[in-house]
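> Provided below: target_6.pdb, containing PDB, C-alpha atoms.
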```
ATOM      1  CA  MET A   1      13.905  -0.213  -8.479
ATOM      2  CA  GLN A   2      13.120   1.661  -5.292
ATOM      3  CA  LEU A   3      11.952   4.694  -7.275
ATOM      4  CA  ALA A   4       9.750   2.513  -9.490
ATOM      5  CA  ILE A   5       8.213   0.940  -6.376
ATOM      6  CA  ASP A   6       7.776   4.135  -4.349
ATOM      7  CA  PHE A   7       6.518   6.253  -7.252
ATOM      8  CA  PRO A   8       4.852   3.856  -9.712
ATOM      9  CA  LEU A   9       3.702   6.628 -12.049
ATOM     10  CA  ALA A  10       7.111   8.338 -12.209
ATOM     11  CA  LEU A  11       8.637   5.872 -14.657
ATOM     12  CA  ASP A  12       7.348   4.460 -17.889
ATOM     13  CA  ARG A  13      10.390   2.271 -18.489
ATOM     14  CA  LEU A  14      13.299   1.072 -16.419
ATOM     15  CA  ILE A  15      16.548  -0.491 -17.629
ATOM     16  CA  LEU A  16      18.652  -2.425 -15.136
ATOM     17  CA  PHE A  17      22.123  -3.798 -15.855
ATOM     18  CA  SER A  18      23.392  -6.594 -13.594
ATOM     19  CA  ALA A  19      20.987  -5.498 -10.872
ATOM     20  CA  THR A  20      19.820  -7.091  -7.662
ATOM     21  CA  PRO A  21      16.776  -6.383  -5.511
ATOM     22  CA  GLY A  22      18.924  -7.183  -2.482
ATOM     23  CA  ILE A  23      19.868 -10.101  -0.290
ATOM     24  CA  GLU A  24      16.777 -11.915   0.962
ATOM     25  CA  ASN A  25      18.295 -13.895   3.820
ATOM     26  CA  ASP A  26      18.786 -11.790   6.972
ATOM     27  CA  ALA A  27      21.967 -13.583   8.061
ATOM     28  CA  ASP A  28      23.529 -13.330   4.594
ATOM     29  CA  ARG A  29      22.589  -9.652   4.367
ATOM     30  CA  GLU A  30      24.116  -8.918   7.785
ATOM     31  CA  LEU A  31      27.302 -10.764   6.812
ATOM     32  CA  ARG A  32      27.559  -8.683   3.635
ATOM     33  CA  ARG A  33      26.903  -5.503   5.619
ATOM     34  CA  ALA A  34      29.710  -6.388   8.031
ATOM     35  CA  GLN A  35      32.038  -7.107   5.093
ATOM     36  CA  ASP A  36      31.170  -3.770   3.486
ATOM     37  CA  MET A  37      31.770  -1.932   6.778
ATOM     38  CA  ALA A  38      35.131  -3.634   7.252
ATOM     39  CA  LEU A  39      36.126  -2.829   3.681
ATOM     40  CA  ALA A  40      35.137   0.826   4.170
ATOM     41  CA  ASP A  41      37.195   1.009   7.376
ATOM     42  CA  HIS A  42      40.172  -0.612   5.612
ATOM     43  CA  LEU A  43      39.876   1.788   2.678
ATOM     44  CA  GLU A  44      40.009   4.816   4.973
ATOM     45  CA  ALA A  45      42.836   3.396   7.104
ATOM     46  CA  GLU A  46      44.929   2.443   4.064
ATOM     47  CA  ASN A  47      44.225   5.788   2.385
ATOM     48  CA  ASP A  48      45.371   4.509  -1.017
ATOM     49  CA  LEU A  49      42.724   4.835  -3.716
ATOM     50  CA  GLU A  50      44.811   3.114  -6.398
ATOM     51  CA  ALA A  51      45.438   0.053  -4.208
ATOM     52  CA  PHE A  52      41.709  -0.133  -3.416
ATOM     53  CA  LEU A  53      40.741   0.096  -7.095
ATOM     54  CA  ASN A  54      43.259  -2.615  -7.976
ATOM     55  CA  ARG A  55      41.786  -4.967  -5.346
ATOM     56  CA  TRP A  56      38.209  -4.048  -6.249
ATOM     57  CA  LEU A  57      38.656  -4.694  -9.956
ATOM     58  CA  ALA A  58      40.600  -7.902  -9.261
ATOM     59  CA  GLN A  59      37.476  -9.537  -7.823
ATOM     60  CA  GLU A  60      36.203 -12.492  -9.839
ATOM     61  CA  ILE A  61      32.942 -10.703 -10.637
ATOM     62  CA  PHE A  62      34.926  -8.096 -12.593
ATOM     63  CA  SER A  63      36.914 -10.636 -14.597
ATOM     64  CA  GLY A  64      37.364  -9.280 -18.094
ATOM     65  CA  ILE A  65      36.549  -5.720 -17.071
ATOM     66  CA  ALA A  66      39.665  -4.519 -15.253
ATOM     67  CA  SER A  67      41.784  -4.669 -18.408
ATOM     68  CA  LEU A  68      39.416  -2.474 -20.417
ATOM     69  CA  PRO A  69      40.852   1.021 -20.941
ATOM     70  CA  TYR A  70      37.694   2.716 -19.608
ATOM     71  CA  ALA A  71      37.144   0.423 -16.599
ATOM     72  CA  ARG A  72      38.634   3.055 -14.320
ATOM     73  CA  ASP A  73      37.060   6.104 -15.983
ATOM     74  CA  GLY A  74      35.559   8.361 -13.366
ATOM     75  CA  ARG A  75      36.606   6.153 -10.464
ATOM     76  CA  HIS A  76      39.486   8.473  -9.564
ATOM     77  CA  ASP A  77      37.052  11.376  -9.296
ATOM     78  CA  HIS A  78      35.810  10.054  -5.946
ATOM     79  CA  SER A  79      37.482  10.602  -2.630
ATOM     80  CA  ILE A  80      38.357   7.734  -0.327
ATOM     81  CA  HIS A  81      35.788   9.028   2.160
ATOM     82  CA  GLU A  82      33.043   9.098  -0.538
ATOM     83  CA  LEU A  83      33.782   5.520  -1.580
ATOM     84  CA  ALA A  84      33.826   4.357   2.042
ATOM     85  CA  GLN A  85      30.493   6.061   2.686
ATOM     86  CA  SER A  86      29.055   4.458  -0.441
ATOM     87  CA  LEU A  87      30.033   1.033   0.908
ATOM     88  CA  ARG A  88      28.516   1.824   4.300
ATOM     89  CA  LEU A  89      25.270   3.421   3.144
ATOM     90  CA  ALA A  90      24.559   1.924  -0.283
ATOM     91  CA  GLY A  91      26.234  -1.467  -0.233
ATOM     92  CA  THR A  92      24.140  -4.555  -0.895
ATOM     93  CA  GLY A  93      24.259  -5.424   2.793
ATOM     94  CA  SER A  94      22.600  -2.113   3.671
ATOM     95  CA  MET A  95      19.850  -2.440   1.084
ATOM     96  CA  GLU A  96      16.341  -3.311   2.121
ATOM     97  CA  PRO A  97      15.502  -6.381   0.041
ATOM     98  CA  LEU A  98      12.904  -5.539  -2.589
ATOM     99  CA  TRP A  99      12.016  -9.053  -3.752
ATOM    100  CA  SER A 100       8.514  -8.969  -2.254
ATOM    101  CA  LYS A 101       7.839  -5.535  -3.791
ATOM    102  CA  LEU A 102       8.861  -6.384  -7.365
ATOM    103  CA  PRO A 103       5.237  -7.125  -8.387
ATOM    104  CA  ASP A 104       4.429  -3.485  -7.511
ATOM    105  CA  ILE A 105       6.587  -2.149 -10.361
ATOM    106  CA  LYS A 106       4.273  -0.751 -13.032
ATOM    107  CA  ALA A 107       6.958   0.348 -15.509
ATOM    108  CA  SER A 108       8.143  -1.814 -18.367
ATOM    109  CA  VAL A 109      11.479  -3.225 -17.241
ATOM    110  CA  LEU A 110      14.448  -4.427 -19.227
ATOM    111  CA  LEU A 111      16.844  -6.584 -17.235
ATOM    112  CA  VAL A 112      20.268  -6.998 -18.856
ATOM    113  CA  SER A 113      22.980  -9.379 -17.709
ATOM    114  CA  GLY A 114      26.107 -10.885 -19.200
ATOM    115  CA  SER A 115      26.283 -14.554 -20.144
ATOM    116  CA  GLN A 116      29.499 -14.954 -18.151
ATOM    117  CA  ASP A 117      27.943 -13.479 -14.991
ATOM    118  CA  GLU A 118      26.062 -16.514 -13.708
ATOM    119  CA  LYS A 119      25.049 -14.955 -10.394
ATOM    120  CA  PHE A 120      23.379 -11.848 -11.830
ATOM    121  CA  THR A 121      21.926 -13.732 -14.795
ATOM    122  CA  GLU A 122      20.225 -16.049 -12.289
ATOM    123  CA  ILE A 123      19.021 -13.064 -10.244
ATOM    124  CA  ALA A 124      17.584 -11.420 -13.378
ATOM    125  CA  ALA A 125      15.866 -14.685 -14.355
ATOM    126  CA  ARG A 126      14.169 -14.715 -10.946
ATOM    127  CA  MET A 127      13.288 -11.017 -11.136
ATOM    128  CA  VAL A 128      11.633 -11.315 -14.554
ATOM    129  CA  THR A 129       9.137 -13.799 -13.110
ATOM    130  CA  ARG A 130       8.093 -11.303 -10.416
ATOM    131  CA  ILE A 131       7.969  -7.994 -12.297
ATOM    132  CA  PRO A 132       4.729  -7.815 -14.308
ATOM    133  CA  HIS A 133       6.088  -6.096 -17.440
ATOM    134  CA  ALA A 134       9.663  -7.276 -17.588
ATOM    135  CA  ARG A 135      11.939  -9.059 -19.953
ATOM    136  CA  HIS A 136      15.482 -10.314 -19.519
ATOM    137  CA  VAL A 137      18.187 -10.145 -22.163
ATOM    138  CA  VAL A 138      21.493 -11.949 -21.732
ATOM    139  CA  ILE A 139      24.405 -10.380 -23.589
ATOM    140  CA  ALA A 140      26.666 -13.070 -25.052
ATOM    141  CA  GLY A 141      30.339 -12.852 -24.161
ATOM    142  CA  ALA A 142      29.826 -10.290 -21.393
ATOM    143  CA  GLY A 143      30.343 -10.500 -17.659
ATOM    144  CA  HIS A 144      29.105  -8.255 -14.839
ATOM    145  CA  ALA A 145      29.342  -5.030 -16.857
ATOM    146  CA  PRO A 146      27.895  -5.880 -20.262
ATOM    147  CA  GLN A 147      27.627  -2.179 -21.139
ATOM    148  CA  LEU A 148      31.435  -1.951 -20.899
ATOM    149  CA  GLN A 149      32.291  -5.333 -22.383
ATOM    150  CA  GLU A 150      29.785  -5.482 -25.244
ATOM    151  CA  PRO A 151      28.605  -1.878 -25.687
ATOM    152  CA  GLU A 152      27.281  -2.304 -29.230
ATOM    153  CA  ALA A 153      25.068  -5.237 -28.238
ATOM    154  CA  CYS A 154      23.793  -3.290 -25.224
ATOM    155  CA  VAL A 155      22.982  -0.220 -27.318
ATOM    156  CA  GLU A 156      21.034  -2.420 -29.728
ATOM    157  CA  VAL A 157      19.031  -4.005 -26.908
ATOM    158  CA  VAL A 158      18.348  -0.677 -25.205
ATOM    159  CA  LEU A 159      17.279   1.059 -28.423
ATOM    160  CA  ALA A 160      14.932  -1.809 -29.236
ATOM    161  CA  PHE A 161      13.432  -1.574 -25.740
ATOM    162  CA  LEU A 162      12.964   2.198 -26.040
ATOM    163  CA  SER A 163      11.461   1.964 -29.505
ATOM    164  CA  PRO A 164       7.774   3.007 -29.539
ATOM    165  CA  SER A 165       6.901  -0.057 -31.610
ATOM    166  CA  ASP A 166       8.304  -2.257 -28.859
ATOM    167  CA  HIS A 167       5.458  -1.480 -26.429
TER     168      HIS A 167
END
```
If you took the structure in this file and wrote it as structure tokens, what would it be?

Amino acid sequence: MQLAIDFPLALDRLILFSATPGIENDADRELRRAQDMALADHLEAENDLEAFLNRWLAQEIFSGIASLPYARDGRHDHSIHELAQSLRLAGTGSMEPLWSKLPDIKASVLLVSGSQDEKFTEIAARMVTRIPHARHVVIAGAGHAPQLQEPEACVEVVLAFLSPSDH
């Protein structure tokens, strides 16, 4: 989203899965930032990547994902320090909220969320009203990672969006 806002001519189309333009409320954003910092500190102090991944994937938002055979693919390729830095520098609490800048996006945008992910489906429903050329597709039976849970449905939606006849 930031790229589409900062460089409006750089993208023709943008596909976002379970995305957020950030936390609008300053107090809520600061609370999330503090939580992310504490989690990063705990991760480094514990120094146990497997225990962290188990806790991370056990969160309610990832219900139905942790048991998938490829849910952990690539996650072991990161070091504890890299994951901690990601939480500190790129966590939702550290993000500048982009809600007010969504109307500046010139690209056609496809927002995809899972029907079982109420929070991000609601966020996408709000986003689609603010982005000029956007549409929102809800993938039935999927949660926070529809591309992992219902890959065939996601491929169908993405291919339709990328089709020249679709624009």
> Taking 6 positions as the minimum chain separation for residues in the same chain, which residues sit within 12 Å of Glu152 in chain A when counting only C-alpha atoms? Answer as JSON, numbers by chain.
{"A": [139, 140, 142, 146, 158, 159]}
> If you apply the PyMOL selection byres ((chain A and resi 98) around 12) to this file, what residues do you get, as a PyMOL selection string?
chain A and resi 1-6+19-25+92+95-97+99-105+127+130-131
> Pick out the closest residue to Lys106 in chain A from this set: A:Leu9, A:Ala38, A:Val138, A:Ala27. Count all atoms listed in the file.
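Among the listed residues, A:Leu9 lies closest to Lys106 in chain A.
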> Could you spell out the hits of the PyMOL selection byres ((chain A and resi 108) around 9) on the shown file, as a PyMOL selection string?
chain A and resi 11-15+105-107+109-110+131-135+167
> What are the closest atom pairs, with distances in Å to one decimal, for all residues of range 77-102 of chain A lying within 12 Å of range 48-51 of chain A? Consider all atoms listed in the file, order rows by chain and residue number, and present the result as a Markdown table.

```
| residue | atom | partner | partner_atom | distance |
| --- | --- | --- | --- | --- |
| A:Asp77 | CA | A:Leu49 | CA | 10.3 |
| A:His78 | CA | A:Leu49 | CA | 8.9 |
| A:Ser79 | CA | A:Leu49 | CA | 7.9 |
| A:Ile80 | CA | A:Leu49 | CA | 6.2 |
| A:His81 | CA | A:Leu49 | CA | 10.0 |
| A:Glu82 | CA | A:Leu49 | CA | 11.0 |
| A:Leu83 | CA | A:Leu49 | CA | 9.2 |
| A:Ala84 | CA | A:Leu49 | CA | 10.6 |
```
> What is the CA of Arg32 in chain A to CA of Gly64 in chain A distance in Å?
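Result for CA of Arg32 in chain A versus CA of Gly64 in chain A: 23.8 Å, one decimal.
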> For Ser115 in chain A, which of A:Gln149, A:Gln59, A:Asn47, A:Gln35 is the closest residue, counting only C-alpha atoms?
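Ranking A:Gln149, A:Gln59, A:Asn47, A:Gln35 by distance to Ser115 in chain A, first place goes to A:Gln149.
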> Name the closest residue to Leu111 in chain A among the candidates A:Arg126, A:Arg88, A:Arg55, A:Arg29; distances are taken between atoms, counting all atoms listed in the file.
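Smallest separation from Leu111 in chain A among the options: A:Arg126.
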> Put a box with edges along x, y and z around all the listed atoms of range 29-41 of chain A, pad it by 3 Å on each side, then give me its centre and sizes in Å, one decimal, as JSON.

```
{"center_x": 29.9, "center_y": -4.9, "center_z": 5.8, "size_x": 20.6, "size_y": 17.8, "size_z": 10.5}
```
> Can you tell me how far CA of Leu43 in chain A sits from CA of Ser86 in chain A, in Å to one decimal?
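Distance reported for this atom pair: 11.6 Å.
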> May I ask which of the residues A:Gly93, A:His136, A:Pro151, A:Trp56 is the closest one to Ala34 in chain A, counting all atoms listed in the file?
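The shortest atom-to-atom distance to Ala34 in chain A comes from A:Gly93.
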> Dump as a PyMOL selection string all residues having an atom at most 12 Å from (34.9, -11.0, -11.4), computed in the file's coordinates with all atoms listed in the file.
chain A and resi 55-67+114+116-120+142-145
